[in-house]
Each structure stands twice: as C-alpha cells, then as structure tokens.
$ cat structure_11.tsv   # TSV, C-alpha atoms
chain	number	residue	atom	x	y	z
W	1	MET	CA	-15.39	-2.44	30.80
W	2	LYS	CA	-16.00	-5.79	29.15
W	3	LEU	CA	-15.83	-9.44	30.03
W	4	ILE	CA	-15.07	-11.96	27.31
W	5	VAL	CA	-14.68	-15.67	28.03
W	6	THR	CA	-11.64	-16.76	26.07
W	7	PHE	CA	-11.30	-20.41	26.97
W	8	CYS	CA	-12.61	-23.10	29.26
W	9	SER	CA	-11.83	-26.70	30.07
W	10	LEU	CA	-13.76	-29.63	28.61
W	11	PHE	CA	-16.90	-31.02	30.13
W	12	ILE	CA	-19.08	-33.86	28.88
W	13	ILE	CA	-22.85	-34.23	28.69
W	14	SER	CA	-24.93	-37.11	27.41
W	15	VAL	CA	-28.16	-36.31	25.56
W	16	ILE	CA	-30.81	-38.73	26.80
W	17	ASN	CA	-33.55	-37.85	24.33
W	18	GLY	CA	-34.08	-35.72	21.28
W	19	GLN	CA	-35.31	-32.70	23.22
W	20	ASN	CA	-33.55	-30.51	25.79
W	21	ASP	CA	-33.05	-33.08	28.55
W	22	PHE	CA	-29.51	-34.13	29.35
W	23	LYS	CA	-27.64	-35.99	32.02
W	24	ILE	CA	-24.35	-34.88	33.53
W	25	ILE	CA	-21.98	-37.85	33.33
W	26	THR	CA	-18.94	-36.17	34.84
W	27	SER	CA	-18.76	-34.20	38.08
W	28	VAL	CA	-15.26	-32.77	37.92
W	29	VAL	CA	-14.77	-29.52	39.81
W	30	ASP	CA	-11.70	-27.45	38.91
W	31	SER	CA	-11.48	-24.59	41.39
W	32	TYR	CA	-9.52	-21.65	42.84
W	33	PRO	CA	-7.42	-20.70	39.79
W	34	MET	CA	-4.51	-18.27	40.09
W	35	GLU	CA	-1.88	-17.14	37.60
W	36	SER	CA	1.79	-17.30	38.60
W	37	PRO	CA	3.29	-13.80	38.88
W	38	ALA	CA	6.58	-15.25	37.60
W	39	THR	CA	5.77	-17.71	34.83
W	40	GLY	CA	2.08	-17.22	33.97
W	41	GLU	CA	1.32	-20.84	34.88
W	42	ILE	CA	-2.16	-21.49	36.27
W	43	LEU	CA	-2.51	-23.04	39.71
W	44	PHE	CA	-5.77	-24.76	40.68
W	45	SER	CA	-7.39	-27.50	42.75
W	46	SER	CA	-9.35	-30.35	41.15
W	47	ASN	CA	-11.23	-33.51	42.16
W	48	ARG	CA	-10.56	-35.17	38.79
W	49	THR	CA	-8.96	-38.20	40.51
W	50	GLY	CA	-11.71	-38.48	43.13
W	51	ILE	CA	-9.79	-36.53	45.78
W	52	TYR	CA	-9.00	-32.83	45.50
W	53	GLN	CA	-5.36	-32.37	44.52
W	54	ILE	CA	-3.40	-29.32	43.41
W	55	TYR	CA	-2.30	-28.92	39.79
W	56	LYS	CA	-0.64	-26.38	37.56
W	57	SER	CA	-0.92	-25.86	33.81
W	58	ASN	CA	0.35	-23.46	31.21
W	59	ASN	CA	-1.60	-20.23	30.68
W	60	GLU	CA	-3.99	-21.83	28.19
W	61	GLY	CA	-4.86	-24.82	30.41
W	62	ASP	CA	-2.57	-27.37	28.73
W	63	ASN	CA	0.33	-29.43	30.12
W	64	ILE	CA	-1.41	-30.15	33.43
W	65	ILE	CA	0.99	-31.29	36.18
W	66	PRO	CA	-0.12	-32.66	39.59
W	67	LEU	CA	1.68	-31.09	42.57
W	68	THR	CA	0.08	-33.07	45.42
W	69	ASN	CA	-0.90	-36.71	45.85
W	70	SER	CA	-2.31	-37.20	49.33
W	71	GLN	CA	-5.22	-39.23	50.69
W	72	GLY	CA	-6.84	-36.09	52.09
W	73	GLY	CA	-8.08	-33.25	49.92
W	74	ASN	CA	-5.92	-30.25	49.02
W	75	TYR	CA	-7.55	-26.88	48.40
W	76	THR	CA	-7.24	-23.13	47.73
W	77	PRO	CA	-3.64	-22.99	46.38
W	78	VAL	CA	-2.04	-19.55	46.11
W	79	TRP	CA	1.28	-18.45	44.58
W	80	SER	CA	3.80	-16.42	46.53
W	81	PRO	CA	4.47	-12.94	45.08
W	82	ASP	CA	7.68	-14.14	43.42
W	83	GLY	CA	6.10	-17.38	42.16
W	84	SER	CA	8.61	-19.61	43.97
W	85	ARG	CA	6.27	-21.12	46.58
W	86	ILE	CA	2.66	-22.17	47.05
W	87	VAL	CA	0.53	-22.03	50.19
W	88	PHE	CA	-2.58	-24.21	50.46
W	89	ALA	CA	-4.97	-25.99	52.81
W	90	SER	CA	-4.92	-29.77	53.16
W	91	GLU	CA	-7.01	-32.40	54.93
W	92	ARG	CA	-4.32	-35.08	54.69
W	93	ASP	CA	-4.16	-35.13	58.51
W	94	ASN	CA	-7.96	-35.32	58.90
W	95	ASP	CA	-8.81	-31.69	59.67
W	96	SER	CA	-7.83	-28.77	57.45
W	97	GLU	CA	-4.33	-27.37	58.07
W	98	ILE	CA	-2.13	-24.85	56.25
W	99	TYR	CA	0.82	-26.15	54.19
W	100	ILE	CA	3.52	-24.56	52.07
W	101	MET	CA	5.51	-26.10	49.19
W	102	ASN	CA	7.86	-25.19	46.38
W	103	ALA	CA	6.48	-24.25	42.96
W	104	ASP	CA	7.24	-27.76	41.66
W	105	GLY	CA	5.38	-29.47	44.54
W	106	GLY	CA	8.52	-30.31	46.49
W	107	ASN	CA	9.25	-29.72	50.17
W	108	GLN	CA	5.65	-29.79	51.45
W	109	VAL	CA	5.66	-28.48	55.03
W	110	ARG	CA	2.79	-28.25	57.50
W	111	LEU	CA	2.54	-24.80	59.15
W	112	THR	CA	-0.45	-25.18	61.51
W	113	ASN	CA	-1.19	-27.94	63.97
W	114	ILE	CA	-4.43	-27.38	65.83
W	115	LEU	CA	-7.93	-28.83	65.70
W	116	GLY	CA	-10.38	-27.01	63.48
W	117	ASP	CA	-10.66	-25.69	59.96
W	118	ASP	CA	-7.52	-23.65	59.19
W	119	SER	CA	-8.11	-22.59	55.60
W	120	HIS	CA	-7.99	-20.01	52.77
W	121	PRO	CA	-4.31	-19.03	53.15
W	122	LYS	CA	-2.76	-16.25	51.07
W	123	PHE	CA	0.59	-14.47	51.06
W	124	SER	CA	1.14	-10.88	52.07
W	125	PRO	CA	2.30	-8.63	49.18
W	126	ASP	CA	5.91	-8.74	50.41
W	127	GLY	CA	5.76	-12.55	50.69
W	128	ARG	CA	6.80	-12.56	54.36
W	129	ARG	CA	3.47	-13.40	56.02
W	130	ILE	CA	0.53	-15.73	55.42
W	131	ILE	CA	-3.03	-14.67	56.16
W	132	PHE	CA	-5.70	-17.31	56.82
W	133	ASN	CA	-8.85	-18.05	58.82
W	134	SER	CA	-9.07	-20.38	61.81
W	135	PRO	CA	-11.58	-21.31	64.55
W	136	ARG	CA	-8.82	-21.86	67.12
W	137	SER	CA	-10.29	-19.30	69.55
W	138	THR	CA	-13.50	-21.33	69.86
W	139	PRO	CA	-13.83	-22.60	73.45
W	140	ASP	CA	-15.23	-25.97	72.31
W	141	LEU	CA	-14.29	-27.11	68.80
W	142	SER	CA	-16.64	-30.10	69.03
W	143	ILE	CA	-19.59	-27.81	68.28
W	144	ALA	CA	-20.93	-27.42	64.74
W	145	TRP	CA	-18.72	-25.55	62.24
W	146	VAL	CA	-21.27	-22.77	61.82
W	147	LEU	CA	-21.21	-22.06	65.57
W	148	GLN	CA	-17.41	-21.84	65.83
W	149	TYR	CA	-15.46	-18.56	65.97
W	150	HIS	CA	-13.73	-18.32	62.59
W	151	GLU	CA	-11.30	-15.42	62.89
W	152	ILE	CA	-8.54	-13.98	60.69
W	153	TYR	CA	-4.88	-14.60	61.57
W	154	THR	CA	-1.45	-14.02	60.08
W	155	MET	CA	1.79	-15.92	60.62
W	156	ASP	CA	5.35	-16.12	59.34
W	157	LEU	CA	6.26	-18.58	56.59
W	158	ASP	CA	7.42	-21.11	59.18
W	159	GLY	CA	4.12	-20.92	61.11
W	160	GLY	CA	5.55	-18.73	63.88
W	161	ASN	CA	4.72	-15.25	65.14
W	162	LEU	CA	0.95	-15.82	65.02
W	163	LYS	CA	-1.25	-12.73	65.20
W	164	GLN	CA	-5.04	-12.56	65.52
W	165	HIS	CA	-6.65	-9.72	63.52
W	166	THR	CA	-10.38	-10.14	64.28
W	167	SER	CA	-12.60	-11.05	67.23
W	168	PHE	CA	-16.06	-11.27	65.69
W	169	LYS	CA	-16.98	-14.62	67.28
W	170	SER	CA	-18.66	-15.41	63.98
W	171	ILE	CA	-17.57	-16.63	60.52
W	172	ALA	CA	-14.78	-14.53	58.98
W	173	THR	CA	-13.16	-16.34	56.04
W	174	TYR	CA	-11.39	-15.88	52.70
W	175	PRO	CA	-9.06	-13.06	53.80
W	176	SER	CA	-6.56	-11.31	51.55
W	177	TYR	CA	-4.22	-8.35	51.78
W	178	SER	CA	-4.68	-5.42	49.43
W	179	PRO	CA	-1.90	-5.26	46.81
W	180	ASP	CA	-0.45	-2.23	48.64
W	181	GLY	CA	-0.51	-4.17	51.93
W	182	ASN	CA	-2.58	-1.61	53.86
W	183	LYS	CA	-5.96	-3.34	54.09
W	184	ILE	CA	-7.55	-6.75	54.55
W	185	LEU	CA	-10.52	-7.92	52.48
W	186	PHE	CA	-12.64	-10.83	53.70
W	187	ARG	CA	-16.03	-12.47	53.87
W	188	LEU	CA	-17.98	-12.16	57.12
W	189	ALA	CA	-21.15	-14.15	57.90
W	190	GLU	CA	-22.81	-12.71	60.98
W	191	LYS	CA	-25.92	-13.99	62.74
W	192	GLU	CA	-28.69	-12.21	60.86
W	193	LYS	CA	-31.67	-13.40	58.84
W	194	ALA	CA	-30.72	-13.59	55.16
W	195	LEU	CA	-30.53	-15.96	52.18
W	196	ASN	CA	-27.90	-18.62	51.52
W	197	TRP	CA	-26.30	-19.68	48.21
W	198	SER	CA	-29.45	-21.68	47.38
W	199	LEU	CA	-31.59	-18.62	48.23
W	200	LYS	CA	-33.10	-20.47	51.15
W	201	PRO	CA	-33.64	-18.70	54.49
W	202	SER	CA	-30.47	-18.60	56.59
W	203	ASP	CA	-29.58	-17.45	60.08
W	204	TYR	CA	-26.31	-15.99	58.75
W	205	ASN	CA	-25.77	-13.17	56.27
W	206	SER	CA	-22.63	-13.53	54.12
W	207	GLU	CA	-21.17	-10.11	53.26
W	208	VAL	CA	-17.89	-8.70	51.89
W	209	TYR	CA	-15.96	-6.57	54.39
W	210	LEU	CA	-12.86	-4.41	54.33
W	211	MET	CA	-10.68	-3.18	57.20
W	212	ASN	CA	-7.26	-1.76	57.90
W	213	VAL	CA	-4.56	-4.26	58.83
W	214	ASP	CA	-4.90	-3.21	62.48
W	215	GLY	CA	-8.65	-3.95	62.39
W	216	SER	CA	-9.81	-0.33	62.27
W	217	ASP	CA	-12.17	1.29	59.74
W	218	LEU	CA	-14.35	-1.82	59.29
W	219	ARG	CA	-16.67	-1.46	56.27
W	220	ASN	CA	-19.45	-3.64	54.85
W	221	LEU	CA	-18.97	-3.30	51.09
W	222	SER	CA	-21.72	-5.58	49.74
W	223	ASN	CA	-24.74	-4.69	51.92
W	224	SER	CA	-27.38	-7.18	50.80
W	225	ASP	CA	-29.36	-10.07	52.23
W	226	ALA	CA	-28.14	-12.33	49.40
W	227	PHE	CA	-24.96	-14.44	49.52
W	228	ASP	CA	-21.93	-12.25	48.82
W	229	GLY	CA	-18.53	-13.96	48.90
W	230	TRP	CA	-15.19	-14.91	47.28
W	231	PRO	CA	-13.87	-11.31	47.29
W	232	PHE	CA	-10.67	-10.44	45.41
W	233	TRP	CA	-8.63	-7.36	44.53
W	234	HIS	CA	-7.90	-5.50	41.34
W	235	PRO	CA	-4.07	-5.10	41.15
W	236	SER	CA	-4.44	-1.32	41.51
W	237	SER	CA	-6.04	-1.66	45.00
W	238	LYS	CA	-8.75	0.75	43.75
W	239	LYS	CA	-11.50	-1.81	43.16
W	240	ILE	CA	-12.60	-5.04	44.75
W	241	PHE	CA	-14.61	-7.80	43.10
W	242	PHE	CA	-16.86	-10.52	44.50
W	243	THR	CA	-19.54	-13.05	43.58
W	244	SER	CA	-23.17	-12.55	44.56
W	245	ASN	CA	-26.46	-14.36	43.94
W	246	ARG	CA	-28.43	-11.14	44.42
W	247	GLY	CA	-29.73	-11.71	40.88
W	248	GLY	CA	-32.30	-14.02	42.42
W	249	VAL	CA	-31.39	-17.42	40.93
W	250	PRO	CA	-30.54	-20.26	43.37
W	251	ASN	CA	-26.94	-21.57	43.28
W	252	LYS	CA	-25.96	-18.98	40.68
W	253	GLY	CA	-23.69	-15.99	41.28
W	254	GLN	CA	-22.30	-13.30	39.02
W	255	LEU	CA	-19.28	-11.02	39.39
W	256	TYR	CA	-19.66	-7.52	40.81
W	257	SER	CA	-17.14	-4.74	41.36
W	258	ILE	CA	-17.00	-1.95	43.94
W	259	ASN	CA	-15.03	1.25	43.42
W	260	LEU	CA	-13.47	1.98	46.81
W	261	LYS	CA	-13.31	5.72	46.14
W	262	ASN	CA	-17.02	6.31	45.48
W	263	SER	CA	-18.58	2.96	46.57
W	264	ASN	CA	-20.08	2.50	43.09
W	265	LEU	CA	-21.36	-1.07	42.61
W	266	GLU	CA	-21.32	-2.56	39.11
W	267	LYS	CA	-22.39	-5.96	37.81
W	268	ILE	CA	-19.72	-7.12	35.37
W	269	SER	CA	-20.85	-10.59	34.28
W	270	GLU	CA	-24.00	-12.27	33.01
W	271	ASN	CA	-23.94	-15.99	32.31
W	272	GLN	CA	-26.17	-19.03	32.67
W	273	ASN	CA	-23.55	-20.41	35.07
W	274	SER	CA	-21.74	-18.85	38.04
W	275	PHE	CA	-18.34	-17.19	38.22
W	276	ILE	CA	-16.75	-17.97	41.60
W	277	GLN	CA	-13.33	-18.18	43.32
W	278	ALA	CA	-11.85	-15.64	40.92
W	279	SER	CA	-8.50	-13.82	40.78
W	280	PHE	CA	-6.79	-11.34	38.48
W	281	SER	CA	-3.91	-12.02	36.14
W	282	ARG	CA	-0.60	-10.41	37.03
W	283	ASP	CA	-1.13	-7.61	34.47
W	284	GLY	CA	-4.76	-6.95	35.43
W	285	LYS	CA	-6.02	-7.73	31.91
W	286	TYR	CA	-7.70	-11.05	32.71
W	287	ILE	CA	-9.77	-12.67	35.42
W	288	PHE	CA	-9.36	-16.39	36.11
W	289	ALA	CA	-12.43	-18.00	37.69
W	290	GLN	CA	-14.33	-21.20	38.19
W	291	ARG	CA	-17.36	-21.32	35.90
W	292	ASN	CA	-19.65	-23.26	38.16
W	293	TYR	CA	-22.90	-25.14	37.60
W	294	GLU	CA	-24.56	-26.32	40.79
W	295	THR	CA	-27.86	-27.71	41.98
W	296	ASP	CA	-28.81	-29.29	45.29
W	297	GLU	CA	-27.88	-32.67	43.75
W	298	TYR	CA	-24.61	-32.15	41.86
W	299	GLU	CA	-21.94	-29.67	40.85
W	300	TYR	CA	-19.24	-29.24	38.22
W	301	GLY	CA	-16.81	-26.43	37.58
W	302	GLN	CA	-14.34	-25.37	34.89
W	303	ILE	CA	-11.43	-22.95	34.96
W	304	ILE	CA	-12.01	-20.05	32.59
W	305	LYS	CA	-10.00	-17.03	31.50
W	306	ILE	CA	-11.93	-13.78	31.05
W	307	GLU	CA	-10.68	-10.63	29.33
W	308	TYR	CA	-11.30	-7.56	31.46
W	309	GLN	CA	-10.91	-3.93	30.45
W	310	TYR	CA	-10.55	-1.81	33.55
W	311	ILE	CA	-12.36	1.58	33.42
W	312	ARG	CA	-11.12	4.09	36.01
$ encode --input "structure_11.tsv" --output "structure tokens"
Amino acid sequence: MKLIVTFCSLFIISVINGQNDFKIITSVVDSYPMESPATGEILFSSNRTGIYQIYKSNNEGDNIIPLTNSQGGNYTPVWSPDGSRIVFASERDNDSEIYIMNADGGNQVRLTNILGDDSHPKFSPDGRRIIFNSPRSTPDLSIAWVLQYHEIYTMDLDGGNLKQHTSFKSIATYPSYSPDGNKILFRLAEKEKALNWSLKPSDYNSEVYLMNVDGSDLRNLSNSDAFDGWPFWHPSSKKIFFTSNRGGVPNKGQLYSINLKNSNLEKISENQNSFIQASFSRDGKYIFAQRNYETDEYEYGQIIKIEYQYIR
C-alpha cells in the first residue's frame, strides 16, 4: 500500500520576514471532492467567491465550471452512479435542505422541506434512493444543534417514500451505502467524554459505525476517544477509510483504513496537513481528498489526488 500526492490546487502565502513566519492571505476552502463515474470529472464545493458553491473540473483540476450560484451556501455534492445527476445540500432557503440537479447544473430541485439541518446526501448504489441525515424527529428544533436528534433517512429521488433507519437520539451523520448496497456506514457522536477535532475535552465522542441496511449488526469500527469521522468505502466493500486525529495534534487528521474481515486498523497517510472528506476514484486507484490546514483562527483546503495501491 502506498499514498502518493500527485497534484493539488494553488494556494498563496506571503512571507512577512526572512525567517519562518508567514501570513495566510487567502482562505479558500475547496472541499468534498468526488470523481464522476461516467466522465472522470471532479465535483467539489468551494468558497472561492465568498459563498460556498458547487463546481466541477476535469480530472487534473483544470477547466473549472460553476454549477450553482445561490445566495446561500451549497455543500457536499455527490454524483449519481451513472454520473447524470448530482445531489447536494443547500442553505439557499436559510436552513440546510437536500437538492438534486443535472450534471450540468440544470434543473435544480428541492427534495426536503422541513426545519433543521438536512445534509450529507448520497445516492444508493442502484441510483434509486438518497441517504442523508436529518434532525426532523427532534421534538423541539429550536434547541442547540448538538442537542438535536440527527438520524439517518433514505428517500426516493423525488423526496417521497421517506424511511428512518436509526433512532439514536444523538448525532448520526455522513451516511453512505456500501458499494454492494448491503450496509450503511456513518459517523455517530454519542454523549460520552472524549476529545473534539481541536483535541479539547468534549461531551460527545465521534466514532465511525457500520450497520446493516435494516439497522441490525451495529458495529463501532474506530473505537477511540479521539475525533473519528468522514468515513468512506473502498469500491470492493472490503475496507472502509476514515480521518482521525488520534495522532495527537489539534485540528490535524490522517487517513486510516479498517479491513472488515479481520478488523485490522492501518494508518495510511502522514502529512503536515490533514486529509479529510475523501472518496475513491471509480477504479479504486486514487483517493480524492481535501488537504486541510486549520487552526482556531483560520482554515484553508485544497483538493488533492492521491495514488493508492490496495493490498488485500
């Protein structure tokens, strides 16, 4: 197994003296990259205009085309299995709702219409359902986000036939189907003393979980008191990957893999920055991720392409 960074987008620094001090003069965050299964184009969200919009580029990051242009932010875009449509979350109507659009940005349709943070949508492997997280079962949505019941749901492509898959009464987010469609991978933050992304004490422990589509056989895969999140699948369904700051550096996470057959945990990246919000290429040879640099004061992120050799 190897990870090789093969390209990244441009960022700018300004040296403010002759030593090692520098000042960040841009704060662009390019995030949530995903390769089209049909064309190889890269889909991502970026705040380069001041508001998060959705863009696509060719496979090397050139020929960037905006797909949204709304006053509210647009986030977490995901291709359909055939590459013809895109599902995403948008705050254009104040709170976060799920939308769907064509691959060229046309025909943008709102699928959810309820108060609360409906977010992190993804398609099922057959392209017929959308999985997402929502706090809609919370009795009082005026309470703080962290106290709401963020559960996992699926719906048809027109927003109908809604089904609730979890009842944790906690924070279950970032769900995705396994490539074979049999399991659901997600992040669950339950009320338990742990450490947050900044490695400060937290009342919630963010872990990576796996379950069958019907909710049975629930498994905690990450098992640490650090922040474990942004889980994603290898195309074979045999391994899952996630980001963790268990290395002990605040605001910095590296990529880890778990073999689902023997539960073997392996650290697969080491970098001065973080690798977050990652996904595999359609052929399983590359990982696309946000290379993130973050402090308590500022953040920037670049889309990178990483070569990955999968060892069975």
$ residues_near_point --input "structure_11.tsv" --point "(-1.2, -24.3, 28.4)" --cutoff "12 Å" --atoms "all atoms listed in the file" --output "ChimeraX atom specification"
/W:7-9,35,39-43,56-65,305
$ residues_around --input "structure_11.tsv" --residues "W:Tyr204" --least-positions-apart "4" --cutoff "12 Å" --atoms "all atoms listed in the file" --output "VMD selection string"
chain W and resid 146 to 147 170 to 172 187 to 197 200 224 to 228
$ closest_residue --input "structure_11.tsv" --among "W:Leu221, W:Ala289, W:Thr138, W:Ile276" --to "W:Asn259" --atoms "only C-alpha atoms"
W:Leu221
$ residues_near_point --input "structure_11.tsv" --point "(-9.9, -32.2, 59.0)" --cutoff "9 Å" --atoms "only C-alpha atoms" --output "tab-separated table (two decimals) with C-alpha atoms, in the coordinates of the input"
chain	number	residue	atom	x	y	z
W	72	GLY	CA	-6.84	-36.09	52.09
W	90	SER	CA	-4.92	-29.77	53.16
W	91	GLU	CA	-7.01	-32.40	54.93
W	92	ARG	CA	-4.32	-35.08	54.69
W	93	ASP	CA	-4.16	-35.13	58.51
W	94	ASN	CA	-7.96	-35.32	58.90
W	95	ASP	CA	-8.81	-31.69	59.67
W	96	SER	CA	-7.83	-28.77	57.45
W	97	GLU	CA	-4.33	-27.37	58.07
W	115	LEU	CA	-7.93	-28.83	65.70
W	116	GLY	CA	-10.38	-27.01	63.48
W	117	ASP	CA	-10.66	-25.69	59.96
W	118	ASP	CA	-7.52	-23.65	59.19
$ residues_around --input "structure_11.tsv" --residues "W:Leu218" --least-positions-apart "3" --cutoff "12 Å" --atoms "all atoms listed in the file" --output "PyMOL selection string"
chain W and resi 165-166+168+183-186+188+208-215+221
$ closest_residue --input "structure_11.tsv" --among "W:Asn133, W:Gln272, W:Ser167, W:Asn205" --to "W:Tyr153" --atoms "only C-alpha atoms"
W:Asn133
$ closest_residue --input "structure_11.tsv" --among "W:Asn220, W:Ser236, W:Asn107, W:Asn271" --to "W:Gly253" --atoms "only C-alpha atoms"
W:Asn271
$ atom_distance --input "structure_11.tsv" --atom1 "atom CA of W:Ser279" --atom2 "atom CA of W:Asp203"
28.8 Å
$ axis_aligned_box --input "structure_11.tsv" --around "stretch 266-271 of chain W" --padding-each-side "8 Å" --output "JSON"
{"center_x": -21.9, "center_y": -9.3, "center_z": 35.7, "size_x": 20.3, "size_y": 29.4, "size_z": 22.8}
$ closest_residue --input "structure_11.tsv" --among "W:Gln290, W:Ser269, W:Ser176, W:Ser36" --to "W:His234" --atoms "all atoms listed in the file"
W:Ser176
$ closest_residue --input "structure_11.tsv" --among "W:Pro37, W:Asp156, W:Val29, W:Ser206" --to "W:Thr49" --atoms "all atoms listed in the file"
W:Val29
$ decode --input "structure_11.tsv" --residues "stretch 200-216 of chain W" --atoms "N, CA and C atoms" --output "short mmCIF file (atom, residue, chain, number, x, y, z; two decimals), in the first residue's frame"
data_model
loop_
_atom_site.label_atom_id
_atom_site.label_comp_id
_atom_site.auth_asym_id
_atom_site.auth_seq_id
_atom_site.Cartn_x
_atom_site.Cartn_y
_atom_site.Cartn_z
N LYS W 200 -9.72 19.23 22.36
CA LYS W 200 -10.21 19.78 23.62
C LYS W 200 -11.28 18.85 24.18
N PRO W 201 -11.47 18.84 25.50
CA PRO W 201 -12.49 17.96 26.09
C PRO W 201 -13.86 18.21 25.49
N SER W 202 -14.57 17.13 25.19
CA SER W 202 -15.90 17.20 24.59
C SER W 202 -16.84 16.26 25.32
N ASP W 203 -18.12 16.60 25.30
CA ASP W 203 -19.14 15.73 25.89
C ASP W 203 -19.63 14.69 24.90
N TYR W 204 -19.11 14.73 23.65
CA TYR W 204 -19.55 13.80 22.62
C TYR W 204 -18.33 13.12 21.98
N ASN W 205 -18.44 11.83 21.77
CA ASN W 205 -17.36 11.05 21.16
C ASN W 205 -17.73 10.68 19.73
N SER W 206 -17.00 11.22 18.77
CA SER W 206 -17.27 10.98 17.35
C SER W 206 -16.57 9.70 16.91
N GLU W 207 -17.36 8.70 16.48
CA GLU W 207 -16.85 7.40 16.07
C GLU W 207 -17.40 7.02 14.69
N VAL W 208 -16.78 6.05 14.05
CA VAL W 208 -17.23 5.52 12.77
C VAL W 208 -17.97 4.21 13.03
N TYR W 209 -19.20 4.13 12.54
CA TYR W 209 -20.05 2.96 12.77
C TYR W 209 -20.48 2.33 11.45
N LEU W 210 -20.84 1.05 11.55
CA LEU W 210 -21.34 0.29 10.42
C LEU W 210 -22.55 -0.51 10.88
N MET W 211 -23.56 -0.62 10.00
CA MET W 211 -24.73 -1.45 10.31
C MET W 211 -25.31 -2.00 9.02
N ASN W 212 -26.15 -3.01 9.16
CA ASN W 212 -26.92 -3.48 8.01
C ASN W 212 -27.96 -2.43 7.64
N VAL W 213 -28.48 -2.51 6.44
CA VAL W 213 -29.47 -1.53 5.97
C VAL W 213 -30.70 -1.50 6.87
N ASP W 214 -31.05 -2.65 7.47
CA ASP W 214 -32.21 -2.70 8.36
C ASP W 214 -31.89 -2.25 9.78
N GLY W 215 -30.65 -1.80 10.03
CA GLY W 215 -30.26 -1.31 11.34
C GLY W 215 -29.64 -2.35 12.25
N SER W 216 -29.61 -3.59 11.85
CA SER W 216 -29.05 -4.66 12.68
C SER W 216 -27.53 -4.71 12.56
#
